[in-house]
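Structure data (mmCIF, C-alpha atoms) from target10.cif:
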data_coords
#
loop_
_atom_site.label_atom_id
_atom_site.label_comp_id
_atom_site.auth_asym_id
_atom_site.auth_seq_id
_atom_site.Cartn_x
_atom_site.Cartn_y
_atom_site.Cartn_z
CA MET A 1 -9.60 85.85 -95.24
CA ARG A 2 -6.04 86.14 -93.93
CA LEU A 3 -3.34 88.57 -95.09
CA GLN A 4 -1.44 85.74 -96.73
CA GLU A 5 -4.46 84.93 -98.86
CA LEU A 6 -4.60 88.56 -99.97
CA THR A 7 -0.91 88.62 -100.87
CA ASP A 8 -1.39 85.41 -102.85
CA ARG A 9 -4.25 87.05 -104.75
CA ILE A 10 -2.13 90.12 -105.49
CA GLU A 11 0.71 87.99 -106.81
CA ARG A 12 -1.67 86.01 -109.04
CA LEU A 13 -3.15 89.23 -110.44
CA ALA A 14 0.33 90.62 -111.02
CA ALA A 15 1.40 87.50 -112.85
CA ALA A 16 -1.67 87.71 -115.09
CA THR A 17 -1.58 91.44 -115.90
CA THR A 18 1.99 92.70 -115.53
CA ASP A 19 4.32 92.86 -118.49
CA THR A 20 7.51 90.86 -118.62
CA PRO A 21 10.77 92.90 -118.64
CA GLU A 22 10.93 92.37 -122.41
CA GLN A 23 7.42 93.73 -122.92
CA ALA A 24 8.12 96.67 -120.63
CA ALA A 25 10.97 97.70 -122.92
CA GLU A 26 8.66 97.92 -125.95
CA ASP A 27 6.76 100.93 -127.23
CA ASP A 28 3.83 102.27 -125.17
CA ALA A 29 1.29 101.31 -127.82
CA ALA A 30 2.45 97.70 -127.72
CA ALA A 31 2.34 97.50 -123.93
CA PRO A 32 -0.71 99.43 -122.70
CA ARG A 33 -0.95 97.72 -119.34
CA ARG A 34 2.37 97.53 -117.56
CA ARG A 35 1.50 97.60 -113.90
CA THR A 36 -1.15 95.98 -111.75
CA ILE A 37 -3.12 98.51 -109.70
CA ILE A 38 -5.01 97.21 -106.65
CA GLY A 39 -7.46 99.68 -105.12
CA ILE A 40 -8.43 99.44 -101.45
CA VAL A 41 -11.60 101.28 -100.47
CA GLY A 42 -13.51 101.62 -97.23
CA GLU A 43 -15.28 104.01 -94.91
CA PRO A 44 -13.22 106.66 -93.10
CA GLY A 45 -11.24 104.98 -90.34
CA ALA A 46 -11.82 101.43 -91.63
CA GLY A 47 -8.10 100.61 -91.68
CA LYS A 48 -7.27 100.98 -95.38
CA THR A 49 -3.80 102.39 -94.82
CA THR A 50 -2.97 99.83 -92.14
CA LEU A 51 -4.03 97.01 -94.46
CA ALA A 52 -1.98 98.38 -97.36
CA GLU A 53 1.11 98.80 -95.18
CA ASN A 54 0.78 95.28 -93.75
CA LEU A 55 0.41 93.81 -97.22
CA LEU A 56 3.44 95.74 -98.47
CA ALA A 57 5.53 94.49 -95.55
CA LEU A 58 4.73 90.89 -96.53
CA LEU A 59 5.08 91.39 -100.28
CA ASN A 60 8.40 93.24 -100.04
CA ALA A 61 9.89 91.07 -97.29
CA GLY A 62 13.51 90.35 -98.09
CA THR A 63 13.89 93.44 -100.32
CA PRO A 64 14.91 96.33 -98.04
CA ASP A 65 16.04 98.65 -100.86
CA PRO A 66 12.97 100.71 -101.90
CA GLU A 67 14.34 101.08 -105.43
CA GLN A 68 14.29 97.31 -105.88
CA GLN A 69 10.91 96.57 -104.31
CA GLN A 70 8.29 95.17 -106.65
CA PHE A 71 5.25 96.43 -104.73
CA ALA A 72 4.50 100.10 -103.99
CA HIS A 73 1.85 102.09 -102.11
CA VAL A 74 0.26 105.31 -103.41
CA PRO A 75 -2.53 106.69 -101.18
CA MET A 76 -5.31 108.86 -102.56
CA ASP A 77 -4.77 111.35 -99.71
CA GLY A 78 -2.08 113.21 -101.65
CA PHE A 79 -4.84 114.50 -103.91
CA HIS A 80 -6.62 116.46 -101.16
CA LEU A 81 -7.08 120.03 -102.32
CA ALA A 82 -5.07 122.45 -100.19
CA ASP A 83 -6.92 124.32 -97.45
CA ALA A 84 -6.44 127.63 -99.29
CA VAL A 85 -8.26 126.20 -102.31
CA LEU A 86 -11.00 124.64 -100.18
CA GLU A 87 -11.55 127.94 -98.41
CA ARG A 88 -11.85 129.76 -101.73
CA LEU A 89 -14.36 127.16 -102.93
CA GLY A 90 -16.33 127.25 -99.69
CA LEU A 91 -15.57 123.59 -99.01
CA LEU A 92 -13.18 123.70 -96.06
CA HIS A 93 -15.94 122.54 -93.71
CA ARG A 94 -16.40 119.45 -95.93
CA LYS A 95 -12.73 118.48 -96.23
CA GLY A 96 -12.59 114.77 -97.06
CA ALA A 97 -15.79 114.71 -99.14
CA PRO A 98 -15.49 113.57 -102.79
CA GLU A 99 -15.52 117.09 -104.20
CA THR A 100 -12.53 118.12 -102.05
CA PHE A 101 -10.08 115.95 -104.04
CA ASP A 102 -8.33 116.48 -107.37
CA VAL A 103 -9.98 113.37 -108.78
CA TYR A 104 -8.87 113.89 -112.37
CA GLY A 105 -5.28 114.37 -111.23
CA TYR A 106 -5.52 111.15 -109.24
CA ALA A 107 -6.94 109.21 -112.21
CA GLU A 108 -4.19 110.57 -114.45
CA LEU A 109 -1.49 109.53 -111.99
CA LEU A 110 -2.89 106.00 -111.87
CA ARG A 111 -2.97 105.93 -115.68
CA ARG A 112 0.68 106.96 -115.79
CA LEU A 113 1.60 104.38 -113.15
CA ARG A 114 -0.01 101.64 -115.22
CA ARG A 115 1.94 102.59 -118.33
CA ASP A 116 5.28 104.12 -117.31
CA ARG A 117 7.85 101.67 -115.97
CA HIS A 118 10.81 103.43 -117.53
CA ASN A 119 11.01 106.26 -115.00
CA ALA A 120 10.50 106.90 -111.32
CA VAL A 121 7.06 108.41 -110.71
CA TYR A 122 6.75 110.82 -107.78
CA ALA A 123 3.23 110.98 -106.37
CA PRO A 124 1.93 113.55 -103.88
CA GLY A 125 1.48 112.52 -100.27
CA PHE A 126 -0.42 113.90 -97.31
CA GLU A 127 1.29 115.23 -94.20
CA ARG A 128 -1.01 114.57 -91.24
CA THR A 129 0.71 117.00 -88.89
CA LEU A 130 0.13 119.80 -91.41
CA GLU A 131 -3.15 118.35 -92.72
CA GLN A 132 -1.93 119.34 -96.20
CA PRO A 133 -0.87 117.54 -99.40
CA LEU A 134 2.81 117.61 -100.34
CA ALA A 135 4.01 117.24 -103.92
CA GLY A 136 6.54 114.57 -104.88
CA LEU A 137 6.47 112.80 -101.53
CA VAL A 138 5.79 109.20 -102.65
CA PRO A 139 8.23 107.62 -105.15
CA VAL A 140 7.32 104.64 -107.31
CA PHE A 141 10.44 103.17 -108.87
CA PRO A 142 10.59 101.24 -112.17
CA ALA A 143 11.15 97.94 -110.33
CA ALA A 144 7.61 98.08 -108.89
CA HIS A 145 5.23 96.05 -111.03
CA THR A 146 2.25 96.38 -108.65
CA VAL A 147 0.83 99.43 -106.87
CA LEU A 148 -1.62 99.40 -103.97
CA THR A 149 -3.70 102.57 -103.81
CA GLU A 150 -6.25 103.31 -101.12
CA GLY A 151 -8.95 105.85 -100.45
CA ASN A 152 -12.63 106.31 -99.74
CA TYR A 153 -14.16 106.85 -103.17
CA LEU A 154 -12.52 104.53 -105.68
CA LEU A 155 -15.89 102.93 -106.46
CA LEU A 156 -17.99 106.09 -106.57
CA ASP A 157 -20.15 106.10 -109.71
CA GLU A 158 -19.56 109.74 -110.63
CA PRO A 159 -17.50 111.56 -113.28
CA GLY A 160 -13.83 111.48 -112.44
CA TRP A 161 -14.16 108.65 -109.95
CA ARG A 162 -15.22 106.33 -112.76
CA LYS A 163 -11.91 107.17 -114.44
CA VAL A 164 -10.13 106.16 -111.23
CA ARG A 165 -11.90 102.80 -111.22
CA GLU A 166 -10.95 102.22 -114.87
CA GLN A 167 -7.27 102.32 -113.94
CA CYS A 168 -7.58 99.65 -111.22
CA THR A 169 -7.15 95.96 -111.94
CA GLU A 170 -9.34 95.19 -108.92
CA VAL A 171 -10.85 97.21 -106.08
CA TRP A 172 -11.27 95.67 -102.62
CA TYR A 173 -13.64 96.87 -99.92
CA VAL A 174 -12.38 96.85 -96.32
CA GLU A 175 -14.86 96.90 -93.47
CA GLN A 176 -14.48 97.00 -89.71
CA ASP A 177 -16.72 97.00 -86.65
CA ASP A 178 -18.49 100.35 -86.79
CA ARG A 179 -18.03 101.27 -83.13
CA LEU A 180 -14.31 100.56 -83.34
CA ARG A 181 -14.00 102.48 -86.60
CA ILE A 182 -15.70 105.57 -85.16
CA ARG A 183 -13.65 105.44 -81.96
CA GLN A 184 -10.43 105.22 -83.97
CA LEU A 185 -11.53 108.15 -86.13
CA VAL A 186 -12.16 110.34 -83.09
CA GLU A 187 -8.82 109.34 -81.58
CA ARG A 188 -7.03 110.13 -84.84
CA HIS A 189 -8.56 113.60 -85.04
CA ILE A 190 -7.55 114.27 -81.42
CA ALA A 191 -4.01 113.03 -82.09
CA PHE A 192 -3.65 115.56 -84.90
CA GLY A 193 -4.83 118.57 -82.92
CA LYS A 194 -8.60 118.66 -82.55
CA SER A 195 -10.21 118.90 -79.13
CA PRO A 196 -12.30 115.86 -78.12
CA GLU A 197 -15.48 117.86 -78.71
CA ALA A 198 -14.34 119.09 -82.13
CA ALA A 199 -13.20 115.58 -83.09
CA GLU A 200 -16.57 114.06 -82.21
CA ALA A 201 -18.40 116.83 -84.09
CA TRP A 202 -16.24 116.33 -87.20
CA VAL A 203 -16.84 112.59 -87.21
CA ARG A 204 -20.59 113.11 -86.79
CA ASP A 205 -21.00 115.93 -89.32
CA VAL A 206 -18.36 115.11 -91.97
CA ASP A 207 -16.89 111.63 -91.68
CA GLN A 208 -20.14 109.76 -91.09
CA PRO A 209 -22.00 111.26 -94.09
CA ASN A 210 -18.95 110.35 -96.20
CA ALA A 211 -19.04 106.85 -94.72
CA GLY A 212 -22.60 106.48 -95.97
CA LEU A 213 -21.48 107.29 -99.52
CA VAL A 214 -18.74 104.70 -99.30
CA ARG A 215 -20.99 102.03 -97.80
CA ALA A 216 -23.39 102.37 -100.74
CA MET A 217 -20.57 101.25 -103.10
CA ARG A 218 -19.79 98.03 -101.25
CA ASP A 219 -21.50 95.74 -103.76
CA ARG A 220 -19.37 97.12 -106.60
CA ALA A 221 -16.13 95.77 -105.09
CA ASP A 222 -14.28 92.76 -106.49
CA LEU A 223 -13.59 91.54 -102.96
CA VAL A 224 -14.90 92.38 -99.48
CA PHE A 225 -12.41 91.97 -96.64
CA GLU A 226 -13.30 92.24 -92.95
CA LEU A 227 -10.41 93.68 -90.97
CA GLN A 228 -9.89 91.88 -87.69
#
Can you give me the file's structure in the form of structure tokens?
Amino acid sequence: MRLQELTDRIERLAAATTDTPEQAAEDDAAAPRRRTIIGIVGEPGAGKTTLAENLLALLNAGTPDPEQQQFAHVPMDGFHLADAVLERLGLLHRKGAPETFDVYGYAELLRRLRRDRHNAVYAPGFERTLEQPLAGLVPVFPAAHTVLTEGNYLLLDEPGWRKVREQCTEVWYVEQDDRLRIRQLVERHIAFGKSPEAAEAWVRDVDQPNAGLVRAMRDRADLVFELQ
């Protein structure tokens, strides 16, 4: 499946589920589903962010002003718990596992994004150089009728994560050659400060067990996309 086929699918879903401007002006109770939310899930290093960014570039082509763009991107990474919290909880060594995210906060943000097109919504982002979440980093303006959100656990059948899935119109599973995925993961960890040995150990001991959790959810996806 090519990127253009994916953008066509997004536009069809948006046309079927997104309110018209007239509906968006009505009361919340009369317009419970105002935005289309497309979730993109995959194993660590599978290329979720790259796919989302490439899709956004195609979908927003010709609209350079962010406040006028109709398609937005809100990653799950902004809901990482801060290192100070993970250390207090004894989870710093498992950073990136499902329990190291504010899943209920993430689900609530997606719920608000679906319903609130009157105001700009500022989502948290994740600063890779700091390896920390930052509040209010990702704006979603009222013009956006569709949001792409990506992360590892959108299909996880556990409390909290089920609430995330409920907010998504569809969830797509991205997969990539496993050797390439692992190599890219190691390279990414090195690029952001880990030694080669520490990067390989983190991928083996943390990322790969998480990848197994994600892989077990593959059959629950609405669409499986192999990244070339």
What lies within 7 Å of region 131-148 of chain A using all atoms listed in the file, ignoring chain neighbours under 6 positions off, as a PDB file with C-alpha atoms, keeping the file's coordinate frame?
ATOM      1  CA  ALA A  14       0.330  90.620-111.020  1.00  0.00           C
ATOM      2  CA  THR A  18       1.990  92.700-115.530  1.00  0.00           C
ATOM      3  CA  ARG A  35       1.500  97.600-113.900  1.00  0.00           C
ATOM      4  CA  THR A  36      -1.150  95.980-111.750  1.00  0.00           C
ATOM      5  CA  ILE A  37      -3.120  98.510-109.700  1.00  0.00           C
ATOM      6  CA  ILE A  38      -5.010  97.210-106.650  1.00  0.00           C
ATOM      7  CA  GLY A  39      -7.460  99.680-105.120  1.00  0.00           C
ATOM      8  CA  ALA A  52      -1.980  98.380 -97.360  1.00  0.00           C
ATOM      9  CA  GLU A  67      14.340 101.080-105.430  1.00  0.00           C
ATOM     10  CA  GLN A  68      14.290  97.310-105.880  1.00  0.00           C
ATOM     11  CA  GLN A  69      10.910  96.570-104.310  1.00  0.00           C
ATOM     12  CA  GLN A  70       8.290  95.170-106.650  1.00  0.00           C
ATOM     13  CA  PHE A  71       5.250  96.430-104.730  1.00  0.00           C
ATOM     14  CA  ALA A  72       4.500 100.100-103.990  1.00  0.00           C
ATOM     15  CA  HIS A  73       1.850 102.090-102.110  1.00  0.00           C
ATOM     16  CA  VAL A  74       0.260 105.310-103.410  1.00  0.00           C
ATOM     17  CA  GLY A  78      -2.080 113.210-101.650  1.00  0.00           C
ATOM     18  CA  PHE A  79      -4.840 114.500-103.910  1.00  0.00           C
ATOM     19  CA  HIS A  80      -6.620 116.460-101.160  1.00  0.00           C
ATOM     20  CA  ALA A  82      -5.070 122.450-100.190  1.00  0.00           C
ATOM     21  CA  ARG A 117       7.850 101.670-115.970  1.00  0.00           C
ATOM     22  CA  HIS A 118      10.810 103.430-117.530  1.00  0.00           C
ATOM     23  CA  ASN A 119      11.010 106.260-115.000  1.00  0.00           C
ATOM     24  CA  ALA A 120      10.500 106.900-111.320  1.00  0.00           C
ATOM     25  CA  VAL A 121       7.060 108.410-110.710  1.00  0.00           C
ATOM     26  CA  TYR A 122       6.750 110.820-107.780  1.00  0.00           C
ATOM     27  CA  ALA A 123       3.230 110.980-106.370  1.00  0.00           C
ATOM     28  CA  PRO A 124       1.930 113.550-103.880  1.00  0.00           C
ATOM     29  CA  GLY A 125       1.480 112.520-100.270  1.00  0.00           C
TER      30      GLY A 125
END
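Pairwise distance (CA of Ile190 (chain A), CA of Glu226 (chain A)) equals 25.5 Å.
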Straight-line distance linking CA of Asn60 (chain A) with CA of Tyr153 (chain A), stated in Å to one decimal
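Result for CA of Asn60 (chain A) versus CA of Tyr153 (chain A): 26.5 Å, one decimal.
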Can you translate the PyMOL selection byres ((chain A and resi 160) around 6) into the concrete residues it hits in this file, as a list in words?
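For this structure, the PyMOL selection byres ((chain A and resi 160) around 6) resolves to Val103, Tyr104, Pro159, Trp161, Arg162 and Lys163 of chain A.
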Selection from above, C-alpha atoms, as a PDB file, keeping the file's coordinate frame, can you write it?
ATOM      1  CA  VAL A 103      -9.980 113.370-108.780  1.00  0.00           C
ATOM      2  CA  TYR A 104      -8.870 113.890-112.370  1.00  0.00           C
ATOM      3  CA  PRO A 159     -17.500 111.560-113.280  1.00  0.00           C
ATOM      4  CA  TRP A 161     -14.160 108.650-109.950  1.00  0.00           C
ATOM      5  CA  ARG A 162     -15.220 106.330-112.760  1.00  0.00           C
ATOM      6  CA  LYS A 163     -11.910 107.170-114.440  1.00  0.00           C
TER       7      LYS A 163
END
So what do you get for CA of Arg94 (chain A) versus CA of Gly47 (chain A), distance-wise?
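Those two atoms sit 21.0 Å apart.
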Between A:Gly62, A:Pro98, A:Pro75, A:Pro44, which is the closest to Asp157 (chain A) once you count only C-alpha atoms?
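With only C-alpha atoms as the atom set, the closest residue is A:Pro98.
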Expand the PyMOL selection byres ((chain A and resi 114) around 7) into the individual residues it matches in the shown file, reporting them as JSON, numbers by chain.
{"A": [33, 34, 35, 36, 110, 111, 112, 113, 115, 116]}
Which of these, A:Thr17, A:Asn152, A:Thr129, A:Thr7, has the shortest distance to Asp77 (chain A) once you count all atoms listed in the file?
A:Asn152
May I ask which of the residues A:Cys168, A:Leu213, A:Leu3, A:Gly45 is the closest one to Val186 (chain A), counting all atoms listed in the file?
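Ranking A:Cys168, A:Leu213, A:Leu3, A:Gly45 by distance to Val186 (chain A), first place goes to A:Gly45.
Each of A:Arg12, A:Lys95, A:Arg220, A:Arg179 was checked against Asp207 (chain A) using only C-alpha atoms; the smallest atom-to-atom distance is that of A:Lys95.
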At a cut-off of 12 Å, using all atoms listed in the file, what residues contact Val203 (chain A)? Leave out same-chain residues fewer than 6 positions from it and give the result as a count of residues only.
23
Size and centre in Å, one decimal, axis-aligned box, all listed region 72-83 of chain A atoms plus 3 Å per side, as AutoDock Vina command-line options:
--center_x -1.3 --center_y 112.2 --center_z -100.7 --size_x 17.6 --size_y 30.2 --size_z 12.5
Shell of 12 Å around Tyr173 (chain A), only C-alpha atoms, local chain residues under 5 positions omitted, as a VMD selection string
chain A and resid 38 to 44 46 to 48 51 150 to 155 214 to 227
Counting only C-alpha atoms, the option among A:Leu109, A:Ala201, A:Val171, A:Leu13 closest to Met76 (chain A):
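Smallest distance to Met76 (chain A) is found for A:Leu109.
Counting all atoms listed in the file, the residue from A:Thr169, A:Leu81, A:Gly193, A:Ile10 that sits nearest to Gly105 (chain A) is A:Leu81.
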